[in-house]
$ cat input-v8.txt   # compact mmCIF, C-alpha atoms
# COMPACT_ATOMS: atom_id res chain seq x y z
CA MET D 184 0.00 0.00 0.00
CA THR D 185 1.43 3.39 -0.97
CA SER D 186 1.85 6.11 1.63
CA ARG D 187 -0.88 8.18 -0.10
CA ALA D 188 -3.34 5.25 0.13
CA LYS D 189 -2.38 4.71 3.77
CA ALA D 190 -2.99 8.38 4.55
CA ALA D 191 -6.37 8.24 2.79
CA LYS D 192 -7.31 5.13 4.80
CA VAL D 193 -6.29 6.82 8.05
CA ARG D 194 -8.37 9.90 7.14
CA LEU D 195 -11.35 7.68 6.35
CA VAL D 196 -11.03 5.80 9.65
CA GLN D 197 -10.66 9.08 11.54
CA SER D 198 -13.67 10.52 9.79
CA VAL D 199 -15.84 7.47 10.57
CA ALA D 200 -14.58 7.44 14.15
CA THR D 201 -15.42 11.13 14.54
CA GLU D 202 -18.91 10.57 13.21
CA LEU D 203 -19.44 7.62 15.54
CA GLN D 204 -18.21 9.70 18.47
CA LEU D 205 -20.54 12.54 17.49
CA GLU D 206 -23.47 10.16 17.15
CA LYS D 207 -22.66 8.64 20.52
CA ALA D 208 -22.26 12.04 22.12
CA TYR D 209 -25.54 13.23 20.60
CA ARG D 210 -27.39 10.15 21.83
CA LYS D 211 -25.86 10.51 25.25
CA THR D 212 -26.30 14.25 25.68
CA PHE D 213 -29.43 14.95 23.68
CA MET D 214 -31.49 11.92 22.72
CA LYS D 215 -31.32 9.96 25.96
CA PRO D 216 -32.52 12.81 28.18
CA ALA D 217 -35.14 13.69 25.56
CA VAL D 218 -36.48 10.10 25.50
CA MET D 219 -36.49 9.94 29.30
CA LEU D 220 -38.34 13.22 29.46
CA GLY D 221 -40.77 12.04 26.80
CA LEU D 222 -41.63 8.99 28.91
CA PHE D 223 -41.96 11.21 31.96
CA VAL D 224 -44.35 13.46 30.04
CA ILE D 225 -46.48 10.54 28.90
CA PHE D 226 -46.60 9.42 32.52
CA LEU D 227 -47.78 12.82 33.67
CA ALA D 228 -49.72 14.01 30.69
CA ALA D 229 -53.04 12.27 31.26
CA GLY D 230 -55.81 14.83 31.30
CA CYS D 231 -53.74 17.83 30.31
CA THR D 232 -54.79 20.27 27.60
CA ALA D 233 -52.99 22.43 25.12
CA GLN D 234 -53.95 24.73 22.31
CA GLU D 235 -51.22 27.15 21.58
CA ARG D 236 -50.78 29.55 18.72
CA PRO D 237 -49.44 27.79 15.64
CA TYR D 238 -46.38 30.05 15.37
CA PHE D 239 -42.87 28.65 15.01
CA VAL D 240 -40.74 31.79 15.19
CA THR D 241 -43.07 34.56 16.33
CA TYR D 242 -43.99 34.90 19.99
CA SER D 243 -47.42 36.08 21.02
CA HIS D 244 -47.98 38.07 24.22
CA GLU D 245 -49.76 35.11 25.77
CA MET D 246 -47.88 33.60 28.68
CA GLU D 247 -47.82 30.06 29.96
CA GLU D 248 -50.43 29.56 32.67
CA PRO D 249 -48.80 29.66 36.12
CA GLY D 250 -47.70 26.24 37.33
CA ASN D 251 -48.04 24.63 33.88
CA LEU D 252 -45.16 22.99 32.06
CA GLU D 253 -45.26 22.70 28.31
CA ILE D 254 -42.86 20.37 26.55
CA GLU D 255 -42.42 20.97 22.85
CA VAL D 256 -40.36 19.48 20.07
CA PHE D 257 -39.92 21.69 17.02
CA ASN D 258 -38.19 20.72 13.81
CA ALA D 259 -37.12 22.63 10.73
CA VAL D 260 -36.36 20.64 7.58
CA GLY D 261 -34.58 22.37 4.73
CA LYS D 262 -32.01 22.04 1.98
CA PRO D 263 -29.71 24.86 1.01
CA PRO D 264 -29.10 24.80 -2.78
CA GLU D 265 -25.39 24.01 -2.37
CA GLY D 266 -25.68 21.95 0.80
CA ASN D 267 -27.19 18.85 2.29
CA ARG D 268 -30.70 18.40 3.61
CA PHE D 269 -30.93 18.96 7.37
CA VAL D 270 -33.33 18.64 10.27
CA GLY D 271 -32.78 21.19 13.02
CA SER D 272 -34.57 20.17 16.23
CA ASN D 273 -35.12 21.63 19.62
CA VAL D 274 -36.77 20.36 22.75
CA GLU D 275 -38.32 23.11 24.83
CA PHE D 276 -39.46 23.15 28.43
CA GLU D 277 -41.72 26.12 29.04
CA PHE D 278 -42.86 26.84 32.56
CA GLY D 279 -45.30 29.43 33.81
CA ALA D 280 -43.53 30.77 36.89
CA THR D 281 -46.24 33.38 37.49
CA ALA D 282 -49.08 34.79 35.41
CA TRP D 283 -46.68 37.52 34.17
CA TRP D 284 -43.40 35.57 33.94
CA THR D 285 -42.68 32.57 31.73
CA THR D 286 -39.31 30.85 31.66
CA GLU D 287 -38.15 28.40 29.02
CA PHE D 288 -35.16 26.11 28.49
CA TYR D 289 -34.15 24.65 25.13
CA LEU D 290 -31.85 21.87 23.97
CA ASP D 291 -30.85 22.13 20.32
CA GLY D 292 -29.51 19.56 17.90
CA GLN D 293 -29.45 18.80 14.21
CA VAL D 294 -29.01 16.04 11.67
CA THR D 295 -27.43 16.72 8.29
CA GLN D 296 -27.70 14.23 5.46
CA HIS D 297 -24.32 12.75 4.39
CA ASP D 298 -22.76 14.41 7.42
CA SER D 299 -23.53 13.81 11.09
CA THR D 300 -25.90 14.32 13.99
CA ILE D 301 -24.80 16.79 16.62
CA PHE D 302 -25.95 18.51 19.77
CA THR D 303 -25.66 22.24 19.11
CA GLY D 304 -26.26 23.87 22.47
CA TYR D 305 -28.83 25.25 24.86
CA ARG D 306 -30.85 28.41 25.41
CA TRP D 307 -32.59 29.90 28.39
CA GLU D 308 -35.23 32.54 27.92
CA ASN D 309 -37.49 34.60 30.12
CA ARG D 310 -40.56 36.57 29.15
CA PHE D 311 -42.08 39.27 31.30
CA ARG D 312 -45.39 40.96 30.86
CA PRO D 313 -45.11 44.48 32.31
CA LEU D 314 -48.77 45.50 31.91
CA LEU D 315 -50.98 43.24 33.95
CA ARG D 316 -54.19 43.90 32.06
CA GLU D 317 -55.25 43.28 28.49
CA HIS D 318 -54.84 46.29 26.16
CA TRP D 319 -55.19 46.89 22.43
CA ILE D 320 -51.46 46.21 22.12
CA ASN D 321 -49.81 44.16 24.83
CA PRO D 322 -46.03 44.35 25.21
CA VAL D 323 -43.88 41.54 26.55
CA ILE D 324 -40.15 41.84 27.26
CA TYR D 325 -38.10 38.83 26.18
CA MET D 326 -34.54 38.05 27.28
CA GLU D 327 -32.57 35.02 26.20
CA PHE D 328 -29.08 33.65 26.71
CA GLU D 329 -27.85 31.24 24.06
CA ASN D 330 -24.83 28.99 24.27
CA ILE D 331 -24.86 27.32 20.88
CA ASN D 332 -22.38 26.54 18.16
CA GLY D 333 -22.22 27.38 14.47
CA GLY D 334 -23.83 24.06 13.58
CA ASP D 335 -27.21 25.17 14.94
CA LYS D 336 -29.90 24.82 12.28
CA THR D 337 -33.06 25.22 14.33
CA LEU D 338 -33.70 28.66 12.79
CA ARG D 339 -35.53 29.81 15.90
CA GLU D 340 -35.01 33.33 14.66
CA VAL D 341 -33.37 35.00 11.70
CA VAL D 342 -31.26 38.06 12.49
CA GLY D 343 -28.55 40.15 10.91
CA HIS D 344 -27.28 38.67 7.66
CA ASP D 345 -28.21 35.06 8.48
CA GLY D 346 -28.73 33.22 5.22
CA LYS D 347 -28.42 29.99 3.30
CA ASN D 348 -24.61 30.13 3.32
CA ASP D 349 -24.59 29.69 7.11
CA LEU D 350 -26.13 26.24 6.64
CA ILE D 351 -23.69 24.61 4.25
CA ASP D 352 -20.54 24.22 6.33
CA PRO D 353 -19.75 20.62 7.38
CA ASN D 354 -20.79 19.92 10.96
CA ALA D 355 -17.25 19.14 12.10
CA GLU D 356 -16.22 22.65 11.04
CA ALA D 357 -19.40 24.52 11.98
CA ARG D 358 -19.54 23.15 15.52
CA THR D 359 -16.15 24.66 16.35
CA GLU D 360 -17.68 28.15 16.18
CA LYS D 361 -18.94 29.11 19.64
CA LYS D 362 -21.87 31.49 19.92
CA ARG D 363 -22.64 32.92 23.30
CA GLU D 364 -25.35 35.40 22.58
CA MET D 365 -27.81 37.62 24.35
CA GLU D 366 -31.09 38.11 22.58
CA LEU D 367 -33.71 40.72 23.37
CA LYS D 368 -37.16 40.93 21.88
CA LEU D 369 -40.01 43.32 22.18
CA ILE D 370 -43.13 41.24 21.67
CA LEU D 371 -46.32 43.08 20.80
CA GLY D 372 -49.58 41.19 20.65
CA SER D 373 -53.25 41.91 20.16
CA ASN D 374 -56.38 39.78 20.22
CA PHE D 375 -59.33 41.07 18.23
CA ARG D 376 -62.51 39.15 17.42
CA GLY D 377 -60.77 35.80 17.59
CA TRP D 378 -57.73 36.94 15.62
CA ASN D 379 -54.30 37.12 17.19
CA ILE D 380 -51.80 39.53 15.69
CA SER D 381 -48.23 39.34 16.99
CA GLU D 382 -45.14 41.33 16.10
CA ASN D 383 -41.60 40.76 17.38
CA ILE D 384 -38.68 43.16 17.13
CA ILE D 385 -35.43 41.28 17.72
CA ALA D 386 -31.96 42.47 18.76
CA GLU D 387 -29.18 39.93 19.25
CA LYS D 388 -25.62 40.40 20.44
CA ASN D 389 -22.83 37.91 20.28
CA LEU D 390 -20.97 38.49 23.54
CA ALA D 391 -17.65 38.02 21.71
CA ASN D 392 -17.53 41.71 20.77
CA GLU D 393 -19.60 41.48 17.61
CA PRO D 394 -22.15 44.11 16.55
CA TRP D 395 -25.83 44.01 17.44
CA GLU D 396 -27.91 42.18 14.85
CA PHE D 397 -31.56 42.84 14.21
CA GLY D 398 -34.55 40.92 12.93
CA TYR D 399 -38.33 40.85 12.90
CA ALA D 400 -41.17 38.39 12.92
CA TRP D 401 -44.91 38.78 12.68
CA ALA D 402 -47.81 36.39 12.50
CA VAL D 403 -51.57 36.32 12.42
CA SER D 404 -53.81 33.40 13.37
CA ARG D 405 -57.37 32.48 14.23
CA PRO D 406 -59.22 29.33 15.32
CA LEU D 407 -61.38 27.94 12.51
CA ASN D 408 -64.43 28.08 14.82
CA LEU D 409 -64.71 30.73 17.50
CA ALA D 410 -67.42 29.10 19.60
CA ALA D 411 -66.86 25.75 21.29
CA SER D 412 -68.95 22.79 20.30
CA ALA D 413 -71.45 21.44 22.81
CA HIS D 414 -70.30 17.87 22.13
CA ASN D 415 -66.93 16.20 22.42
CA CYS D 416 -65.22 16.26 19.06
CA THR D 417 -61.79 15.57 17.67
CA PHE D 418 -61.82 17.36 14.33
CA CYS D 419 -64.21 20.27 14.89
CA GLY D 420 -63.15 23.76 13.86
CA GLU D 421 -62.31 25.03 17.35
CA LYS D 422 -59.50 22.42 17.53
CA PHE D 423 -57.69 23.94 14.54
CA GLN D 424 -55.90 27.25 14.25
CA ALA D 425 -54.62 28.62 10.98
CA GLY D 426 -52.56 31.64 10.13
CA VAL D 427 -49.59 33.18 8.37
CA GLU D 428 -46.08 33.91 9.61
CA MET D 429 -43.26 36.01 8.20
CA TYR D 430 -39.79 36.68 9.58
CA GLY D 431 -36.36 37.79 8.50
CA GLY D 432 -33.15 39.66 9.23
CA LEU D 433 -32.62 43.40 9.29
CA GLY D 434 -28.84 43.57 9.15
CA ASP D 435 -26.62 44.73 11.96
CA ARG D 436 -25.53 47.94 13.63
CA HIS D 437 -23.13 48.77 10.78
CA SER D 438 -25.42 47.81 7.92
CA PHE D 439 -29.02 48.11 8.99
CA GLY D 440 -31.62 47.22 6.37
CA THR D 441 -32.79 44.37 4.18
CA SER D 442 -29.71 44.13 1.94
CA GLN D 443 -28.18 40.63 2.06
CA THR D 444 -30.73 39.34 4.54
CA SER D 445 -33.04 36.35 4.34
CA HIS D 446 -36.82 36.39 4.72
CA TYR D 447 -39.45 33.67 4.96
CA LEU D 448 -43.21 33.57 4.64
CA GLY D 449 -45.60 30.67 5.06
CA PRO D 450 -49.02 29.46 6.15
CA LEU D 451 -49.44 27.78 9.53
CA ILE D 452 -51.84 25.26 10.95
CA ASN D 453 -52.11 23.41 14.22
CA TRP D 454 -54.48 20.88 15.70
CA ALA D 455 -55.24 20.28 19.35
CA ALA D 456 -55.36 16.50 19.39
CA PRO D 457 -57.00 14.54 22.21
CA ASN D 458 -55.00 13.94 25.40
CA GLY D 459 -53.34 17.30 25.40
CA MET D 460 -51.12 17.01 22.38
CA THR D 461 -50.88 19.81 19.82
CA LEU D 462 -49.47 19.19 16.36
CA SER D 463 -48.27 22.09 14.21
CA PHE D 464 -47.10 22.32 10.63
CA SER D 465 -45.92 25.05 8.30
CA PRO D 466 -44.34 25.05 4.86
CA GLN D 467 -42.31 28.25 4.58
CA PHE D 468 -40.84 29.86 1.52
CA GLY D 469 -37.67 31.89 1.15
CA LEU D 470 -38.48 35.27 -0.34
CA ASN D 471 -35.10 36.04 -1.90
CA ASP D 472 -31.92 34.36 -3.13
CA TYR D 473 -30.31 34.78 0.25
CA SER D 474 -32.88 32.45 1.86
CA ILE D 475 -33.34 28.68 1.63
CA PRO D 476 -36.02 28.13 -1.04
CA ARG D 477 -38.26 26.01 1.20
CA LEU D 478 -38.43 25.12 4.86
CA TYR D 479 -40.83 22.67 6.41
CA ARG D 480 -41.52 23.11 10.07
CA PHE D 481 -43.42 20.77 12.30
CA GLY D 482 -43.87 20.53 16.03
CA VAL D 483 -45.48 18.51 18.79
CA SER D 484 -46.28 19.86 22.21
CA TYR D 485 -47.69 18.54 25.48
CA GLU D 486 -48.89 20.63 28.33
CA ILE D 487 -48.81 19.39 31.90
CA ASP D 488 -51.22 21.35 34.02
CA GLN D 489 -50.23 22.35 37.55
CA LEU D 490 -46.99 20.39 37.51
CA PHE D 491 -46.09 20.64 41.16
CA SER D 492 -49.58 19.94 42.48
CA ARG D 493 -49.30 16.49 40.89
CA PHE D 494 -46.68 15.60 43.47
CA HIS D 495 -48.80 16.68 46.42
CA ARG D 496 -50.64 14.14 48.49
CA GLY D 497 -54.11 13.55 47.11
CA ALA D 498 -53.26 14.95 43.71
CA ARG D 499 -54.84 13.30 40.71
CA MET B 49 -36.16 50.64 66.50
CA ILE B 50 -39.21 51.42 68.67
CA LYS B 51 -39.48 54.82 66.99
CA ARG B 52 -39.60 53.10 63.61
CA LEU B 53 -42.16 50.52 64.70
CA PRO B 54 -45.20 52.37 63.27
CA LEU B 55 -43.41 52.73 59.95
CA VAL B 56 -42.49 49.04 59.89
CA LEU B 57 -46.06 48.07 60.79
CA LEU B 58 -47.36 50.35 58.06
CA LEU B 59 -45.02 48.79 55.49
CA VAL B 60 -46.08 45.29 56.51
CA LEU B 61 -49.80 45.87 57.00
CA LEU B 62 -50.51 47.97 53.91
CA PRO B 63 -49.43 45.31 51.38
CA ALA B 64 -51.10 42.63 53.52
CA ALA B 65 -54.36 44.59 53.53
CA TRP B 66 -54.06 45.16 49.79
CA LEU B 67 -53.48 41.46 49.13
CA PHE B 68 -56.38 40.57 51.42
CA GLY B 69 -58.60 42.94 49.48
CA VAL B 70 -57.55 41.46 46.15
CA ALA B 71 -58.04 37.91 47.38
CA ASN B 72 -61.49 38.77 48.58
CA GLY B 73 -62.91 40.02 45.36
CA GLY B 74 -61.14 43.37 45.26
CA TRP B 75 -60.98 42.95 41.51
CA LEU B 76 -64.72 43.61 41.34
CA LYS B 77 -64.07 47.27 42.14
CA ASN B 78 -61.78 47.57 39.12
CA VAL B 79 -64.37 46.56 36.57
CA PRO B 80 -65.35 49.57 34.40
CA ALA B 81 -69.06 50.39 34.26
CA GLN B 82 -69.49 49.46 30.59
CA ASP B 83 -67.96 46.02 31.22
CA HIS B 84 -70.05 45.53 34.36
CA GLU B 85 -73.23 45.96 32.31
CA LYS B 86 -72.39 43.41 29.60
CA ILE B 87 -74.59 40.35 29.40
CA SER B 88 -73.89 36.94 27.93
CA PRO B 89 -75.25 36.50 24.40
CA TYR B 90 -75.80 32.83 25.31
CA ARG B 91 -77.70 33.36 28.55
CA GLY B 92 -79.73 30.27 29.45
CA GLN B 93 -78.95 28.36 26.24
CA ALA B 94 -78.48 24.66 26.93
CA ASP B 95 -75.94 24.19 24.12
CA ALA B 96 -73.85 27.07 25.42
CA ILE B 97 -73.92 25.63 28.94
CA ALA B 98 -72.72 22.26 27.61
CA ALA B 99 -70.01 23.92 25.50
CA GLY B 100 -69.00 26.13 28.43
CA ARG B 101 -68.73 23.07 30.62
CA ARG B 102 -66.35 21.49 28.08
CA VAL B 103 -64.15 24.57 27.92
CA PHE B 104 -64.23 24.84 31.71
CA VAL B 105 -63.09 21.24 32.18
CA ASP B 106 -60.30 21.73 29.63
CA ARG B 107 -59.04 25.08 30.85
CA CYS B 108 -60.21 25.90 34.34
CA SER B 109 -60.85 22.70 36.27
CA HIS B 110 -57.16 22.09 37.05
CA CYS B 111 -57.22 25.10 39.36
CA HIS B 112 -60.89 25.53 40.25
CA GLY B 113 -61.92 21.88 40.51
CA GLU B 114 -63.82 19.59 38.19
CA ASN B 115 -67.16 21.03 39.34
CA ALA B 116 -65.98 24.53 40.21
CA GLU B 117 -65.80 23.55 43.87
CA GLY B 118 -62.32 25.08 44.23
CA THR B 119 -59.05 23.47 45.21
CA LYS B 120 -56.64 23.90 48.06
CA LYS B 121 -55.12 27.06 46.66
CA ARG B 122 -57.76 28.37 44.24
CA PRO B 123 -61.24 29.64 45.03
CA PRO B 124 -64.52 27.89 44.24
CA LEU B 125 -66.68 29.42 41.55
CA ARG B 126 -69.93 28.39 43.20
CA SER B 127 -69.40 31.10 45.77
CA GLU B 128 -71.80 33.93 46.50
CA ARG B 129 -69.27 36.35 45.03
CA VAL B 130 -69.28 34.65 41.64
CA GLN B 131 -72.93 33.62 41.56
CA GLN B 132 -74.56 36.68 43.13
CA GLN B 133 -72.23 39.65 43.43
CA ALA B 134 -70.43 39.45 40.09
CA THR B 135 -72.39 40.13 36.93
CA GLU B 136 -71.72 38.23 33.72
CA GLY B 137 -69.89 41.33 32.53
CA ASP B 138 -67.68 41.33 35.65
CA LEU B 139 -66.69 37.71 35.03
CA HIS B 140 -65.99 38.46 31.38
CA TRP B 141 -63.74 41.34 32.40
CA LEU B 142 -61.90 39.05 34.84
CA LEU B 143 -61.38 36.34 32.24
CA VAL B 144 -60.06 38.84 29.68
CA ASN B 145 -57.74 40.69 32.06
CA GLY B 146 -56.95 38.05 34.64
CA ASN B 147 -55.82 38.90 38.14
CA MET B 148 -52.16 38.29 37.48
CA ARG B 149 -50.84 39.38 40.84
CA LYS B 150 -52.94 36.64 42.41
CA GLY B 151 -52.08 33.99 39.83
CA MET B 152 -55.20 34.22 37.68
CA PRO B 153 -53.97 34.43 34.06
CA SER B 154 -55.63 36.35 31.27
CA TRP B 155 -57.77 34.14 29.06
CA ALA B 156 -57.93 36.64 26.22
CA LYS B 157 -56.33 33.96 24.07
CA LEU B 158 -59.72 32.25 23.95
CA PRO B 159 -62.26 33.76 21.56
CA ASP B 160 -64.94 35.90 23.18
CA GLN B 161 -67.57 33.32 22.27
CA GLN B 162 -65.86 30.67 24.39
CA LEU B 163 -65.47 33.06 27.32
CA TRP B 164 -69.19 33.80 27.25
CA GLN B 165 -69.93 30.07 27.04
CA VAL B 166 -67.85 29.48 30.18
CA ILE B 167 -69.64 32.32 31.97
CA THR B 168 -73.01 30.92 30.91
CA TYR B 169 -71.98 27.56 32.35
CA LEU B 170 -70.74 29.11 35.60
CA LYS B 171 -73.90 31.13 36.08
CA SER B 172 -75.92 27.99 35.50
CA LEU B 173 -74.43 26.38 38.61
CA GLN B 174 -76.35 28.58 41.06
CA ASP B 175 -75.33 26.32 43.90
CA TRP B 176 -73.71 29.13 45.76
CA GLY B 177 -74.86 28.08 49.18
CA SER B 178 -72.33 25.25 49.27
CA ALA B 179 -69.37 27.57 49.45
CA THR B 180 -69.02 31.17 50.46
CA ARG B 181 -65.37 32.04 49.87
$ encode --input "input-v8.txt" --output "structure tokens"
Amino acid sequence: MTSRAKAAKVRLVQSVATELQLEKAYRKTFMKPAVMLGLFVIFLAAGCTAQERPYFVTYSHEMEEPGNLEIEVFNAVGKPPEGNRFVGSNVEFEFGATAWWTTEFYLDGQVTQHDSTIFTGYRWENRFRPLLREHWINPVIYMEFENINGGDKTLREVVGHDGKNDLIDPNAEARTEKKREMELKLILGSNFRGWNISENIIAEKNLANEPWEFGYAWAVSRPLNLAASAHNCTFCGEKFQAGVEMYGGLGDRHSFGTSQTSHYLGPLINWAAPNGMTLSFSPQFGLNDYSIPRLYRFGVSYEIDQLFSRFHRGAR
Amino acid sequence: MIKRLPLVLLLVLLPAAWLFGVANGGWLKNVPAQDHEKISPYRGQADAIAAGRRVFVDRCSHCHGENAEGTKKRPPLRSERVQQQATEGDLHWLLVNGNMRKGMPSWAKLPDQQLWQVITYLKSLQDWGSATR
């Protein structure tokens, strides 16, 4: 065997070994806890209810009910023109600390075809509702700390000059980029005659001395039926919500605007299935050449009502 | 310290009195007149009562009990306050705005129709003698 062939074989073995290690690490750090938590949820979830807005990126002003824990899995499937198909996933744990404060913890990961499966980091967010009554426009202050790497493909928000080129680097290379970021949002929401209209203004700062980046998101949705049915039903209109969502980047502090930014628009639908599960789906379309042409988002969520009271004596 | 005692008592008692007031239906005083006067478009309709019951079981029973009898930490809705003192409009105002300082969230995320159905169901209970919180 020539030295060149030997070197190629060594590289191949190293590459396979790295992938196996990544897979193992992902299973250990991401999948195993997620499966355990899933089983825990199924154990607790009997009798819980959930019907959330069908949004994937936009936040509404509606907070988690105090004491409730919502567990959600959201996925974004896409294929950059010059890259491999990917599935960016996150598992979210959203807890209503009070009626005006919701806290949420995320675990992020992704799978890229012909590449690998990696854990990409975690996020912790808090939302505060400063006005304690319902108004025409209801503001909510959002603060998030992210500790993720460059391999993150969950597309939870689009800011700055984020675009399709950020999604084509091989995982082994992308995951070496550390992103410790602080994200602030001003969430504005209104409910009017069954419609919900939500707008988010986003500012994100990489703590490694990079400029502020900006983005936006807005969405509108409505249940298909406004009044509840008198009889138990699985597929009646009140169980479905439909809407539209749009989001994108607005550049950074040095180059504010829509030049070289990506934008997405798509319809949304969700269904409150029996036993407290909500299923959501949205095909989303890139609006310019800087965006991925198509993204498919889907999510599943469970809500556990009054989490801590379930551990009290005499609880159901 | 003794000189400051009245001040300390004032600082402790004022919030306590305020919280006591809120917990005992203080929210009723905050309802604007035009909301107070609102009436349920579904008043007395059997279908609305059944639908309201379904929404109640889904959304409210975890805190207020399966039959609105209340739980350890949350008040019953068969009370005199809810059945007699509060109008349908008052209850609608409470559901829309919540009483967030006391843990009652806003239910403005539900369409108005469903809120009125819940109120119609609650007002149909009329069994207020069983609880007077």
$ axis_aligned_box --input "input-v8.txt" --around "range 138-146 of chain B" --padding-each-side "4 Å" --output "JSON"
{"center_x": -62.3, "center_y": 38.8, "center_z": 32.7, "size_x": 18.7, "size_y": 13.0, "size_z": 14.0}
$ atom_distance --input "input-v8.txt" --atom1 "CA of Asp472 in chain D" --atom2 "CA of Leu433 in chain D"
15.4 Å
$ closest_residue --input "input-v8.txt" --among "B:Arg107, B:Lys120, B:Arg129, B:Lys77" --to "Val166 in chain B" --atoms "all atoms listed in the file"
B:Arg107
$ atom_distance --input "input-v8.txt" --atom1 "CA of Thr281 in chain D" --atom2 "CA of Gly151 in chain B"
6.3 Å
$ closest_residue --input "input-v8.txt" --among "B:Ser154, B:Trp141, B:Glu136, B:Leu163" --to "Arg91 in chain B" --atoms "all atoms listed in the file"
B:Glu136
$ atom_distance --input "input-v8.txt" --atom1 "CA of Ser109 in chain B" --atom2 "CA of Asn379 in chain D"
24.8 Å
$ interface_residues --input "input-v8.txt" --of "chain B" --to "chain D" --cutoff "6 Å" --atoms "all atoms listed in the file" --output "MDAnalysis selection string"
chainID B and resid 95 98:99 145 148 151 153 159 161:162
$ residues_around --input "input-v8.txt" --residues "Pro394 in chain D" --least-positions-apart "3" --cutoff "9 Å" --atoms "only C-alpha atoms" --output "PyMOL selection string"
chain D and resi 387-389+435-437
$ closest_atom_pairs --input "input-v8.txt" --of "range 229-283 of chain D" --to "range 445-452 of chain D" --cutoff "10 Å" --atoms "all atoms listed in the file" --output "CSV"
residue,atom,partner,partner_atom,distance
D:Arg236,CA,D:Ile452,CA,8.9
D:Pro237,CA,D:Ile452,CA,5.8
D:Tyr238,CA,D:Leu451,CA,7.0
D:Phe239,CA,D:Leu451,CA,8.6
$ residues_around --input "input-v8.txt" --residues "range 261-274 of chain D" --least-positions-apart "6" --cutoff "10 Å" --atoms "all atoms listed in the file" --output "CSV table (one decimal) with C-alpha atoms, in the frame of the given file"
chain,number,residue,atom,x,y,z
D,213,PHE,CA,-29.4,15.0,23.7
D,214,MET,CA,-31.5,11.9,22.7
D,217,ALA,CA,-35.1,13.7,25.6
D,220,LEU,CA,-38.3,13.2,29.5
D,254,ILE,CA,-42.9,20.4,26.6
D,255,GLU,CA,-42.4,21.0,22.8
D,288,PHE,CA,-35.2,26.1,28.5
D,289,TYR,CA,-34.2,24.6,25.1
D,290,LEU,CA,-31.8,21.9,24.0
D,291,ASP,CA,-30.8,22.1,20.3
D,292,GLY,CA,-29.5,19.6,17.9
D,293,GLN,CA,-29.4,18.8,14.2
D,294,VAL,CA,-29.0,16.0,11.7
D,295,THR,CA,-27.4,16.7,8.3
D,296,GLN,CA,-27.7,14.2,5.5
D,297,HIS,CA,-24.3,12.8,4.4
D,298,ASP,CA,-22.8,14.4,7.4
D,299,SER,CA,-23.5,13.8,11.1
D,300,THR,CA,-25.9,14.3,14.0
D,301,ILE,CA,-24.8,16.8,16.6
D,302,PHE,CA,-26.0,18.5,19.8
D,303,THR,CA,-25.7,22.2,19.1
D,304,GLY,CA,-26.3,23.9,22.5
D,305,TYR,CA,-28.8,25.2,24.9
D,306,ARG,CA,-30.8,28.4,25.4
D,334,GLY,CA,-23.8,24.1,13.6
D,335,ASP,CA,-27.2,25.2,14.9
D,336,LYS,CA,-29.9,24.8,12.3
D,337,THR,CA,-33.1,25.2,14.3
D,338,LEU,CA,-33.7,28.7,12.8
D,339,ARG,CA,-35.5,29.8,15.9
D,346,GLY,CA,-28.7,33.2,5.2
D,347,LYS,CA,-28.4,30.0,3.3
D,348,ASN,CA,-24.6,30.1,3.3
D,349,ASP,CA,-24.6,29.7,7.1
D,350,LEU,CA,-26.1,26.2,6.6
D,351,ILE,CA,-23.7,24.6,4.2
D,352,ASP,CA,-20.5,24.2,6.3
D,353,PRO,CA,-19.8,20.6,7.4
D,467,GLN,CA,-42.3,28.2,4.6
D,472,ASP,CA,-31.9,34.4,-3.1
D,473,TYR,CA,-30.3,34.8,0.2
D,474,SER,CA,-32.9,32.4,1.9
D,475,ILE,CA,-33.3,28.7,1.6
D,476,PRO,CA,-36.0,28.1,-1.0
D,477,ARG,CA,-38.3,26.0,1.2
D,478,LEU,CA,-38.4,25.1,4.9
D,479,TYR,CA,-40.8,22.7,6.4
D,480,ARG,CA,-41.5,23.1,10.1
D,481,PHE,CA,-43.4,20.8,12.3
D,482,GLY,CA,-43.9,20.5,16.0
D,483,VAL,CA,-45.5,18.5,18.8
D,484,SER,CA,-46.3,19.9,22.2
$ residues_around --input "input-v8.txt" --residues "Asn309 in chain D" --least-positions-apart "3" --cutoff "6 Å" --atoms "only C-alpha atoms" --output "number ranges by chain"
D: 285-286, 325-326
$ closest_residue --input "input-v8.txt" --among "B:Lys121, B:Arg101, B:Arg126, B:His112" --to "Thr168 in chain B" --atoms "all atoms listed in the file"
B:Arg101
$ closest_residue --input "input-v8.txt" --among "B:Thr135, B:Gln165, B:Thr119, B:Ser172" --to "Val103 in chain B" --atoms "all atoms listed in the file"
B:Gln165
